[in-house]
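**Q** mmCIF, C-alpha atoms, file structure_7.cif:
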```cif
data_data
#
loop_
_atom_site.label_atom_id
_atom_site.label_comp_id
_atom_site.auth_asym_id
_atom_site.auth_seq_id
_atom_site.Cartn_x
_atom_site.Cartn_y
_atom_site.Cartn_z
CA MET A 1 104.06 109.86 100.54
CA SER A 2 102.94 111.86 97.49
CA ILE A 3 99.67 110.96 95.79
CA GLU A 4 100.67 112.79 92.61
CA PRO A 5 101.68 109.53 90.84
CA TYR A 6 98.18 108.21 91.45
CA ARG A 7 96.72 111.41 90.07
CA ARG A 8 98.78 111.00 86.90
CA LEU A 9 97.55 107.43 86.60
CA LEU A 10 93.91 108.45 86.97
CA ARG A 11 94.35 111.18 84.36
CA LEU A 12 95.12 108.59 81.68
CA PRO A 13 92.22 108.33 79.22
CA GLY A 14 89.56 105.91 80.43
CA VAL A 15 91.43 104.58 83.47
CA ARG A 16 89.34 106.35 86.13
CA THR A 17 86.09 105.17 84.55
CA LEU A 18 87.38 101.62 84.13
CA LEU A 19 88.42 101.36 87.79
CA LEU A 20 85.13 102.83 89.03
CA VAL A 21 83.06 100.48 86.88
CA GLY A 22 85.29 97.60 88.00
CA LEU A 23 84.71 98.40 91.67
CA LEU A 24 80.94 98.57 91.30
CA ALA A 25 80.81 95.52 89.01
CA ARG A 26 82.75 93.35 91.45
CA ILE A 27 80.46 93.96 94.42
CA PRO A 28 77.68 91.63 93.15
CA SER A 29 80.33 89.03 92.28
CA THR A 30 81.81 89.09 95.78
CA ALA A 31 78.33 88.76 97.30
CA MET A 32 77.46 85.60 95.36
CA GLY A 33 79.17 82.97 97.49
CA MET A 34 77.73 84.25 100.75
CA ALA A 35 74.28 84.67 99.22
CA LEU A 36 74.25 81.11 97.87
CA THR A 37 75.42 79.71 101.20
CA LEU A 38 72.77 81.53 103.22
CA HIS A 39 70.07 80.65 100.68
CA VAL A 40 70.79 76.93 101.02
CA VAL A 41 71.16 77.08 104.81
CA HIS A 42 68.21 79.32 105.67
CA GLY A 43 66.08 79.46 102.53
CA LEU A 44 66.15 75.72 101.84
CA GLY A 45 66.99 74.64 105.41
CA LEU A 46 69.64 72.13 104.29
CA GLY A 47 72.69 73.02 106.38
CA PHE A 48 76.23 74.15 105.65
CA GLY A 49 77.42 70.85 104.19
CA ARG A 50 75.04 71.01 101.24
CA ALA A 51 75.64 74.74 100.95
CA GLY A 52 79.34 73.97 100.56
CA LEU A 53 78.55 71.61 97.69
CA VAL A 54 76.70 74.38 95.83
CA THR A 55 79.49 76.89 96.29
CA ALA A 56 82.06 74.23 95.34
CA ALA A 57 80.15 73.55 92.10
CA SER A 58 80.12 77.26 91.35
CA THR A 59 83.84 77.56 92.10
CA VAL A 60 84.74 74.63 89.84
CA GLY A 61 82.70 76.18 87.07
CA MET A 62 84.47 79.52 87.47
CA ALA A 63 87.89 77.85 87.57
CA VAL A 64 87.20 76.15 84.24
CA GLY A 65 85.37 79.07 82.66
CA SER A 66 87.80 81.87 83.50
CA PRO A 67 90.55 80.96 80.99
CA LEU A 68 87.94 79.96 78.41
CA SER A 69 86.32 83.39 78.62
CA GLY A 70 89.73 85.00 78.33
CA ARG A 71 90.54 82.96 75.24
CA PHE A 72 87.28 84.01 73.59
CA VAL A 73 88.06 87.65 74.41
CA ASP A 74 91.47 87.29 72.77
CA ARG A 75 89.92 85.84 69.62
CA HIS A 76 86.57 87.59 69.25
CA GLY A 77 86.74 90.76 71.34
CA LEU A 78 85.14 91.77 74.60
CA ARG A 79 81.52 92.51 73.78
CA PRO A 80 80.42 89.04 72.57
CA VAL A 81 81.81 87.42 75.73
CA LEU A 82 80.18 90.03 77.96
CA ALA A 83 76.84 89.62 76.18
CA VAL A 84 76.76 85.84 76.69
CA THR A 85 77.97 85.86 80.29
CA THR A 86 75.70 88.75 81.31
CA ALA A 87 72.66 86.94 79.93
CA ALA A 88 73.67 83.71 81.69
CA GLN A 89 74.07 85.45 85.04
CA ALA A 90 70.77 87.29 84.68
CA VAL A 91 68.93 84.01 84.05
CA PHE A 92 70.57 82.08 86.89
CA TRP A 93 70.36 84.67 89.64
CA SER A 94 66.81 85.71 88.83
CA CYS A 95 65.51 82.15 89.24
CA ALA A 96 68.04 80.55 91.64
CA TRP A 97 65.78 81.13 94.64
CA ALA A 98 63.07 78.90 93.10
CA LEU A 99 65.28 75.96 92.02
CA PRO A 100 65.16 72.64 93.89
CA TYR A 101 68.47 71.69 95.46
CA PRO A 102 69.71 69.12 92.87
CA VAL A 103 68.94 71.51 90.02
CA LEU A 104 70.59 74.36 91.94
CA VAL A 105 73.88 72.43 92.19
CA VAL A 106 74.01 71.83 88.43
CA ALA A 107 72.84 75.34 87.59
CA ALA A 108 75.47 76.86 89.92
CA ALA A 109 78.20 74.94 88.07
CA VAL A 110 76.93 76.16 84.69
CA ALA A 111 76.57 79.73 86.00
CA GLY A 112 80.14 79.54 87.29
CA LEU A 113 81.33 78.34 83.88
CA LEU A 114 79.60 81.36 82.32
CA ALA A 115 80.49 83.81 85.07
CA LEU A 116 80.92 87.46 84.13
CA PRO A 117 84.74 87.74 83.80
CA VAL A 118 84.90 91.11 85.51
CA PHE A 119 88.08 90.46 87.52
CA SER A 120 90.23 89.26 84.62
CA VAL A 121 88.72 91.74 82.14
CA ILE A 122 89.54 94.77 84.29
CA ARG A 123 93.13 93.59 84.66
CA GLN A 124 93.46 92.81 80.98
CA CYS A 125 92.15 96.23 80.03
CA LEU A 126 94.40 97.98 82.55
CA ALA A 127 97.41 96.28 80.95
CA ALA A 128 96.30 97.71 77.59
CA MET A 129 95.48 101.22 78.80
CA VAL A 130 98.37 101.91 81.18
CA PRO A 131 101.99 102.49 80.12
CA LEU A 132 104.41 99.81 81.24
CA GLU A 133 106.14 102.07 83.75
CA GLN A 134 102.79 102.81 85.49
CA ARG A 135 101.35 99.33 85.25
CA ARG A 136 102.48 98.23 88.71
CA MET A 137 100.70 101.21 90.24
CA GLY A 138 97.60 100.47 88.19
CA PHE A 139 97.45 96.87 89.38
CA SER A 140 98.11 97.96 92.96
CA LEU A 141 95.19 100.38 92.83
CA ASP A 142 93.04 97.67 91.28
CA SER A 143 93.96 95.27 94.12
CA MET A 144 92.93 97.93 96.63
CA LEU A 145 89.55 98.27 94.92
CA VAL A 146 89.14 94.48 94.93
CA GLU A 147 89.75 94.61 98.68
CA LEU A 148 87.00 97.20 99.03
CA SER A 149 84.60 95.06 97.03
CA TYR A 150 85.27 92.05 99.27
CA MET A 151 84.66 94.23 102.31
CA THR A 152 81.31 95.33 100.85
CA GLY A 153 79.79 92.45 98.87
CA PRO A 154 79.54 89.68 101.49
CA ALA A 155 78.34 92.14 104.14
CA LEU A 156 75.56 93.33 101.83
CA ALA A 157 74.63 89.70 101.10
CA VAL A 158 74.28 88.94 104.81
CA ALA A 159 72.23 92.08 105.38
CA GLY A 160 69.99 91.32 102.42
CA MET A 161 69.39 87.69 103.34
CA THR A 162 68.64 88.68 106.94
CA ALA A 163 66.28 91.54 106.14
CA LEU A 164 64.72 90.50 102.82
CA GLY A 165 65.18 86.77 102.37
CA SER A 166 66.41 84.71 99.43
CA GLY A 167 64.14 85.87 96.61
CA PRO A 168 64.68 89.62 96.84
CA THR A 169 68.40 89.32 97.67
CA LEU A 170 69.20 86.99 94.77
CA GLY A 171 67.08 89.24 92.57
CA VAL A 172 69.19 92.24 93.57
CA ILE A 173 72.32 90.26 92.69
CA ALA A 174 70.76 89.44 89.31
CA ALA A 175 70.06 93.13 88.71
CA GLY A 176 73.51 94.19 89.89
CA THR A 177 75.32 91.63 87.75
CA THR A 178 73.23 92.53 84.71
CA ALA A 179 73.93 96.22 85.24
CA ALA A 180 77.65 95.47 85.61
CA GLY A 181 77.73 93.52 82.37
CA LEU A 182 75.79 96.17 80.47
CA ALA A 183 78.06 98.92 81.82
CA LEU A 184 81.14 97.05 80.57
CA ILE A 185 79.49 96.45 77.20
CA VAL A 186 78.73 100.15 76.83
CA LEU A 187 82.19 101.16 78.07
CA ASP A 188 83.87 98.55 75.83
CA PRO A 189 87.39 99.17 77.18
CA PRO A 190 90.31 98.17 74.94
CA VAL A 191 92.00 94.84 75.55
CA ARG A 192 95.10 95.79 73.53
CA SER A 193 96.97 99.04 73.16
CA ALA A 194 97.25 100.94 69.89
CA GLU A 195 100.88 99.82 69.52
CA GLU A 196 99.96 96.20 70.11
CA LEU A 197 97.21 96.42 67.48
CA GLU A 198 99.67 97.78 64.93
CA ARG A 199 101.57 94.52 64.99
CA PRO A 200 100.51 91.86 62.46
CA ALA A 201 97.54 89.88 63.74
CA ALA A 202 98.61 86.31 64.40
CA ARG A 203 97.66 83.64 66.87
CA VAL A 204 100.33 83.01 69.44
CA PRO A 205 101.03 79.30 70.10
CA ARG A 206 100.24 78.46 73.69
CA ARG A 207 103.60 76.72 74.06
CA ARG A 208 105.30 80.08 73.51
CA TRP A 209 103.98 81.60 76.73
CA LEU A 210 102.55 78.72 78.79
CA THR A 211 106.01 77.85 80.05
CA PRO A 212 107.21 76.37 83.35
CA GLY A 213 107.98 79.93 84.43
CA PHE A 214 104.40 81.02 83.78
CA VAL A 215 103.06 77.99 85.64
CA ALA A 216 105.35 78.94 88.53
CA VAL A 217 103.74 82.40 88.60
CA LEU A 218 100.33 80.73 88.82
CA GLY A 219 101.62 78.53 91.63
CA ILE A 220 102.79 81.41 93.78
CA ALA A 221 99.55 83.29 93.06
CA ALA A 222 97.62 80.25 94.30
CA SER A 223 99.83 80.09 97.39
CA ALA A 224 99.00 83.72 98.18
CA THR A 225 95.25 83.03 98.30
CA PHE A 226 95.98 79.80 100.16
CA VAL A 227 97.60 81.68 103.03
CA LEU A 228 95.00 84.48 102.95
CA THR A 229 92.01 82.12 103.08
CA ALA A 230 93.57 80.04 105.85
CA SER A 231 94.42 83.17 107.82
CA GLU A 232 90.84 84.42 107.59
CA LEU A 233 89.45 81.09 108.81
CA ALA A 234 92.05 80.91 111.58
CA LEU A 235 91.19 84.45 112.65
CA VAL A 236 87.50 83.57 112.85
CA GLY A 237 88.34 80.32 114.67
CA THR A 238 90.50 82.09 117.23
CA MET A 239 87.81 84.66 117.99
CA LYS A 240 85.17 81.94 118.24
CA GLN A 241 87.29 80.09 120.80
CA ALA A 242 87.65 83.31 122.76
CA GLY A 243 83.89 83.94 122.65
CA ARG A 244 84.33 87.17 120.68
CA THR A 245 82.50 86.36 117.46
CA GLU A 246 80.64 89.66 117.61
CA TRP A 247 83.94 91.40 116.77
CA VAL A 248 84.80 89.24 113.75
CA GLY A 249 83.55 91.83 111.26
CA LEU A 250 85.66 94.57 112.82
CA ALA A 251 88.74 92.35 112.97
CA VAL A 252 88.44 91.36 109.31
CA GLY A 253 87.85 95.00 108.38
CA ILE A 254 91.04 96.08 110.16
CA TRP A 255 92.94 93.30 108.41
CA CYS A 256 91.62 94.53 105.05
CA ALA A 257 92.68 98.05 105.97
CA TYR A 258 96.23 96.77 106.44
CA SER A 259 96.11 95.43 102.89
CA LEU A 260 94.77 98.72 101.53
CA LEU A 261 97.59 100.61 103.20
CA GLY A 262 100.18 98.19 101.86
CA GLY A 263 98.78 98.39 98.34
CA PHE A 264 98.82 102.18 98.38
CA VAL A 265 102.44 102.35 99.55
CA TYR A 266 103.60 99.61 97.17
CA GLY A 267 101.99 101.25 94.15
CA GLY A 268 103.84 104.49 94.87
CA LEU A 269 107.31 102.93 95.16
CA SER A 270 109.84 103.84 92.51
CA ARG A 271 110.68 100.17 91.96
CA GLY A 272 108.64 97.02 92.27
CA VAL A 273 109.44 93.95 94.35
CA SER A 274 109.43 90.38 93.07
CA PRO A 275 106.25 88.46 93.95
CA LEU A 276 108.53 85.71 95.25
CA VAL A 277 109.92 88.09 97.85
CA LEU A 278 106.51 89.47 98.77
CA ILE A 279 104.74 86.11 99.06
CA THR A 280 107.65 84.48 100.89
CA SER A 281 107.70 87.37 103.34
CA MET A 282 103.92 87.19 103.80
CA GLY A 283 104.17 83.47 104.51
CA LEU A 284 107.04 83.85 106.99
CA LEU A 285 105.23 86.63 108.83
CA THR A 286 102.04 84.55 109.00
CA VAL A 287 103.66 81.53 110.64
CA PRO A 288 103.99 83.05 114.16
CA VAL A 289 100.64 84.91 114.18
CA GLY A 290 98.94 82.11 116.13
CA LEU A 291 101.22 82.79 119.09
CA ALA A 292 99.23 85.97 119.71
CA GLY A 293 96.12 84.01 120.74
CA GLY A 294 94.01 85.11 123.65
CA ASP A 295 92.96 88.71 123.37
CA TRP A 296 91.69 89.19 119.80
CA ARG A 297 93.16 92.68 119.68
CA TRP A 298 96.68 91.28 119.99
CA LEU A 299 95.89 88.80 117.23
CA VAL A 300 94.72 91.57 114.89
CA LEU A 301 97.87 93.54 115.68
CA ALA A 302 100.00 90.45 114.95
CA LEU A 303 98.41 90.28 111.49
CA LEU A 304 99.72 93.74 110.59
CA PRO A 305 103.12 92.77 109.07
CA ALA A 306 101.65 90.06 106.82
CA GLY A 307 98.48 92.05 106.20
CA VAL A 308 100.22 95.00 104.57
CA LEU A 309 101.72 92.59 102.04
CA CYS A 310 98.39 91.15 100.87
CA ALA A 311 97.53 93.62 98.11
CA PRO A 312 101.18 94.07 96.99
CA ALA A 313 101.65 90.30 96.73
CA LEU A 314 98.55 89.76 94.61
CA SER A 315 99.09 92.80 92.37
CA SER A 316 102.71 91.80 91.76
CA THR A 317 101.62 88.44 90.36
CA VAL A 318 99.19 90.19 87.98
CA ASP A 319 101.97 92.53 86.89
CA MET A 320 104.30 89.59 86.24
CA VAL A 321 101.66 87.79 84.18
CA SER A 322 101.11 90.90 82.05
CA ARG A 323 104.85 91.15 81.36
CA ARG A 324 105.43 87.48 80.51
CA VAL A 325 102.56 87.01 78.04
CA PRO A 326 102.01 88.48 74.55
CA ALA A 327 99.03 90.78 74.13
CA ALA A 328 97.26 88.31 71.82
CA ALA A 329 97.06 85.78 74.67
CA ARG A 330 96.65 88.16 77.60
CA GLY A 331 92.98 87.39 78.17
CA GLU A 332 93.56 83.65 78.52
CA ALA A 333 96.59 84.29 80.73
CA MET A 334 94.61 86.58 83.04
CA GLY A 335 91.88 83.94 83.12
CA LEU A 336 94.39 81.30 84.19
CA HIS A 337 95.64 83.69 86.85
CA GLY A 338 92.09 84.04 88.13
CA THR A 339 91.76 80.26 88.17
CA ALA A 340 94.96 79.97 90.20
CA LEU A 341 93.57 82.39 92.79
CA LEU A 342 90.35 80.37 93.00
CA VAL A 343 92.21 77.07 93.33
CA GLY A 344 94.42 78.41 96.11
CA GLY A 345 91.45 79.62 98.14
CA ALA A 346 89.36 76.50 97.45
CA ALA A 347 92.19 74.17 98.50
CA SER A 348 92.93 76.19 101.60
CA ALA A 349 89.44 76.19 103.12
CA PRO A 350 89.07 72.45 103.87
CA ILE A 351 92.72 72.03 104.87
CA ALA A 352 92.62 74.98 107.26
CA GLY A 353 89.27 73.80 108.61
CA LEU A 354 90.64 70.36 109.44
CA ILE A 355 93.70 71.85 111.14
CA ILE A 356 91.55 74.25 113.18
CA ASP A 357 89.24 71.43 114.29
CA SER A 358 92.04 69.03 115.19
CA HIS A 359 94.91 71.21 116.41
CA GLY A 360 93.56 74.73 116.85
CA PRO A 361 93.64 77.93 114.78
CA GLY A 362 97.22 78.77 115.73
CA TRP A 363 98.47 75.80 113.74
CA ALA A 364 96.43 76.89 110.73
CA PHE A 365 98.42 80.13 110.60
CA ALA A 366 101.68 78.17 110.86
CA VAL A 367 100.82 75.59 108.20
CA ALA A 368 99.44 78.17 105.75
CA GLY A 369 102.54 80.33 106.02
CA THR A 370 104.81 77.31 105.60
CA VAL A 371 102.95 76.14 102.49
CA SER A 372 103.29 79.62 100.97
CA VAL A 373 107.04 79.70 101.61
CA ALA A 374 107.48 76.16 100.25
CA MET A 375 105.63 77.05 97.04
CA ALA A 376 107.81 80.11 96.55
CA LEU A 377 110.96 77.99 96.95
CA VAL A 378 109.67 75.49 94.37
CA ALA A 379 108.92 78.33 91.94
CA LEU A 380 112.27 80.11 92.41
CA PRO A 381 114.41 78.23 89.83
CA PHE A 382 111.72 78.57 87.15
CA LEU A 383 111.22 82.30 87.67
CA ARG A 384 114.94 83.02 87.50
CA ARG A 385 114.88 82.03 83.82
CA ARG A 386 114.34 84.78 81.31
CA PRO A 387 110.82 84.68 79.82
CA LEU A 388 110.49 83.81 76.14
CA VAL A 389 108.06 86.66 75.57
CA GLU A 390 109.48 90.16 75.66
CA PRO A 391 107.10 92.79 77.08
CA VAL A 392 105.67 95.44 74.78
CA HIS A 393 106.04 99.03 75.88
CA VAL A 394 102.60 100.62 76.03
CA PRO A 395 102.53 104.33 75.16
CA ALA A 396 100.50 106.77 77.22
CA GLU A 397 98.19 107.59 74.31
CA PRO A 398 94.54 106.57 74.07
CA PRO A 399 94.51 102.91 72.99
CA ALA A 400 92.37 101.57 70.19
CA LYS A 401 89.62 99.08 70.75
CA VAL A 402 89.36 95.48 69.67
CA THR A 403 86.10 94.81 67.97
CA ALA A 404 84.45 91.49 67.43
CA GLY A 405 85.19 89.84 64.16
#
```
As structure tokens, how would this structure be written, given the file I've shared?
**A**
Amino acid sequence: MSIEPYRRLLRLPGVRTLLLVGLLARIPSTAMGMALTLHVVHGLGLGFGRAGLVTAASTVGMAVGSPLSGRFVDRHGLRPVLAVTTAAQAVFWSCAWALPYPVLVVAAAVAGLLALPVFSVIRQCLAAMVPLEQRRMGFSLDSMLVELSYMTGPALAVAGMTALGSGPTLGVIAAGTTAAGLALIVLDPPVRSAEELERPAARVPRRRWLTPGFVAVLGIAASATFVLTASELALVGTMKQAGRTEWVGLAVGIWCAYSLLGGFVYGGLSRGVSPLVLITSMGLLTVPVGLAGGDWRWLVLALLPAGVLCAPALSSTVDMVSRRVPAAARGEAMGLHGTALLVGGAASAPIAGLIIDSHGPGWAFAVAGTVSVAMALVALPFLRRRPLVEPVHVPAEPPAKVTAG
């Protein structure tokens, strides 16, 4: 497969820098959940149950705050939102290690509400900077970089908590998040293309784009993270039953490599594939994975067909959101998409955990895949309708910036 299309994408003004900054900025964000969990368990000595409450509070805050941040970006520009959220993250993570547990729970919820919106911002800016015909490739490459950040961030959090303890590790996260926010402020990537800015400035009524079809896109996006989170827990559960927990990191790394490969191939295809097809296929291919129990190597191999669809499935939902929503509401829409991904993963963890404890990890694979397929079938009639918002063709010229005002 030729990499020339990716070279053309990276030659677009600002795209290479945006993706690089996005990769580095997401690493502290992906380390946060693991760092908070280990801080509560080992630093405060309170166990995994109370650690789960802290991370749940943070997740709820992020789920609420993500579309709010996007809405403020749409109305006031990027820099004011980045300034507020960067300051909030710097304050929380620099003092989180010293907070008593009840205060930590509340502070984690507030910090989640004011989380640095790096995931949605990068996607929003990519939609503005990349021509429509290259947008699918751009989102595929972005999904691959997200995969790399999730391979890196939690591992660094574990290493830091083990070697340095809570204070220094959370301090490093504070520094990394602050640096990420400042880098985005300095870069100030555009959130709308030059052509989109030429159109008369007007607020778009939410009812114009927040349609049943858009909600269906959010539903299938949530189902994708539902099946991915459940699969990860089931993989860990299977290897724990087999007494091979020392190989969990390698197994998860191989699974992520499948996703990277799939994202690379999908981004280079001449035509995209509907997220309904991708997510339904991923669900169907996940259902029988549990039959490969026993030797963990067979299990990892059984994850290959569904694994290569991970990045394509997620990037296709981002692409669909960008095409169904007007530019003036793209930030809020990307924020809602981020919330859907969070909700899918948050709902999956306790359900998969209960299934693993009561019936075994093999059933967790089967149930997660079935839920994903069922959600896709529910969404099908809504997505077959033509969206009310026609996409805007984005030219391959350097886009203008939206300034606060």
**Q** Within 12 Å of Ala224 (chain A), counting all atoms listed in the file, which residues show up once you throw out same-chain ones fewer than 5 positions away? Write them as a PDB file with C-alpha atoms, in the coordinates of the input, please.
**A**
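Generated output (part_16.pdb):
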```
ATOM      1  CA  VAL A 217     103.740  82.400  88.600  1.00  0.00           C
ATOM      2  CA  LEU A 218     100.330  80.730  88.820  1.00  0.00           C
ATOM      3  CA  GLY A 219     101.620  78.530  91.630  1.00  0.00           C
ATOM      4  CA  THR A 229      92.010  82.120 103.080  1.00  0.00           C
ATOM      5  CA  ALA A 230      93.570  80.040 105.850  1.00  0.00           C
ATOM      6  CA  SER A 231      94.420  83.170 107.820  1.00  0.00           C
ATOM      7  CA  PRO A 275     106.250  88.460  93.950  1.00  0.00           C
ATOM      8  CA  LEU A 276     108.530  85.710  95.250  1.00  0.00           C
ATOM      9  CA  VAL A 277     109.920  88.090  97.850  1.00  0.00           C
ATOM     10  CA  LEU A 278     106.510  89.470  98.770  1.00  0.00           C
ATOM     11  CA  ILE A 279     104.740  86.110  99.060  1.00  0.00           C
ATOM     12  CA  THR A 280     107.650  84.480 100.890  1.00  0.00           C
ATOM     13  CA  SER A 281     107.700  87.370 103.340  1.00  0.00           C
ATOM     14  CA  MET A 282     103.920  87.190 103.800  1.00  0.00           C
ATOM     15  CA  GLY A 283     104.170  83.470 104.510  1.00  0.00           C
ATOM     16  CA  LEU A 284     107.040  83.850 106.990  1.00  0.00           C
ATOM     17  CA  THR A 286     102.040  84.550 109.000  1.00  0.00           C
ATOM     18  CA  ALA A 306     101.650  90.060 106.820  1.00  0.00           C
ATOM     19  CA  GLY A 307      98.480  92.050 106.200  1.00  0.00           C
ATOM     20  CA  LEU A 309     101.720  92.590 102.040  1.00  0.00           C
ATOM     21  CA  CYS A 310      98.390  91.150 100.870  1.00  0.00           C
ATOM     22  CA  ALA A 311      97.530  93.620  98.110  1.00  0.00           C
ATOM     23  CA  PRO A 312     101.180  94.070  96.990  1.00  0.00           C
ATOM     24  CA  ALA A 313     101.650  90.300  96.730  1.00  0.00           C
ATOM     25  CA  LEU A 314      98.550  89.760  94.610  1.00  0.00           C
ATOM     26  CA  SER A 315      99.090  92.800  92.370  1.00  0.00           C
ATOM     27  CA  SER A 316     102.710  91.800  91.760  1.00  0.00           C
ATOM     28  CA  THR A 317     101.620  88.440  90.360  1.00  0.00           C
ATOM     29  CA  HIS A 337      95.640  83.690  86.850  1.00  0.00           C
ATOM     30  CA  ALA A 340      94.960  79.970  90.200  1.00  0.00           C
ATOM     31  CA  LEU A 341      93.570  82.390  92.790  1.00  0.00           C
ATOM     32  CA  LEU A 342      90.350  80.370  93.000  1.00  0.00           C
ATOM     33  CA  VAL A 343      92.210  77.070  93.330  1.00  0.00           C
ATOM     34  CA  GLY A 344      94.420  78.410  96.110  1.00  0.00           C
ATOM     35  CA  GLY A 345      91.450  79.620  98.140  1.00  0.00           C
ATOM     36  CA  ALA A 347      92.190  74.170  98.500  1.00  0.00           C
ATOM     37  CA  SER A 348      92.930  76.190 101.600  1.00  0.00           C
ATOM     38  CA  ALA A 368      99.440  78.170 105.750  1.00  0.00           C
ATOM     39  CA  GLY A 369     102.540  80.330 106.020  1.00  0.00           C
ATOM     40  CA  THR A 370     104.810  77.310 105.600  1.00  0.00           C
ATOM     41  CA  VAL A 371     102.950  76.140 102.490  1.00  0.00           C
ATOM     42  CA  SER A 372     103.290  79.620 100.970  1.00  0.00           C
ATOM     43  CA  VAL A 373     107.040  79.700 101.610  1.00  0.00           C
ATOM     44  CA  ALA A 374     107.480  76.160 100.250  1.00  0.00           C
ATOM     45  CA  MET A 375     105.630  77.050  97.040  1.00  0.00           C
ATOM     46  CA  ALA A 376     107.810  80.110  96.550  1.00  0.00           C
TER      47      ALA A 376
END
```
**Q** Return the single residue from A:Ile220, A:Leu235, A:Met32, A:Met129 that is closest to Ala96 (chain A), with distances computed using all atoms listed in the file.
**A**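 When distances to Ala96 (chain A) are compared using all atoms listed in the file, the smallest one comes from A:Met32.
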**Q** Contacts between region 190-196 of chain A and region 325-371 of chain A, please, where a residue of region 325-371 of chain A counts if it comes within 9 Å (with only C-alpha atoms); show its shortest atom pair and distance in Å to one decimal, rows by chain and ascending number, as a tab-separated table.
**A**
```
residue	atom	partner	partner_atom	distance
A:Ala327	CA	A:Arg192	CA	6.4
A:Ala328	CA	A:Arg192	CA	8.0
A:Arg330	CA	A:Val191	CA	8.4
A:Gly331	CA	A:Val191	CA	8.0
```
**Q** On this structure, the PyMOL selection byres ((chain A and resi 264) around 12) would catch which residues? List them as JSON, numbers by chain, sorted by chain and number.
**A** {"A": [1, 2, 3, 5, 6, 136, 137, 138, 139, 140, 141, 142, 143, 144, 145, 147, 257, 258, 259, 260, 261, 262, 263, 265, 266, 267, 268, 269, 308, 309, 310, 311, 312, 315]}
**Q** Extract, using all atoms listed in the file, all DNA, RNA and protein residues at most 10 Å from Ala63 (chain A), discarding same-chain residues fewer than 4 positions from it, and format them as a list of chain:residue names.
**A**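 The residues satisfying every condition are A:Ala57, A:Ser58, A:Thr59, A:Pro67, A:Leu68, A:Gly112, A:Leu113, A:Ala115, A:Gly335, A:Leu336, A:His337, A:Gly338, A:Thr339, A:Ala340, A:Leu341, A:Leu342, A:Val343.
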**Q** What does the structure give for the distance between CA of Met320 (chain A) and CA of Ala364 (chain A), in Å to one decimal?
**A**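 Interatomic distance here is 28.7 Å.
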**Q** Tell me, as number ranges by chain, which residues lie within 9 Å of Trp93 (chain A), counting all atoms listed in the file; anything in the same chain fewer than 4 positions away does not count.
**A** A: 88-89, 97, 111, 170-175, 177
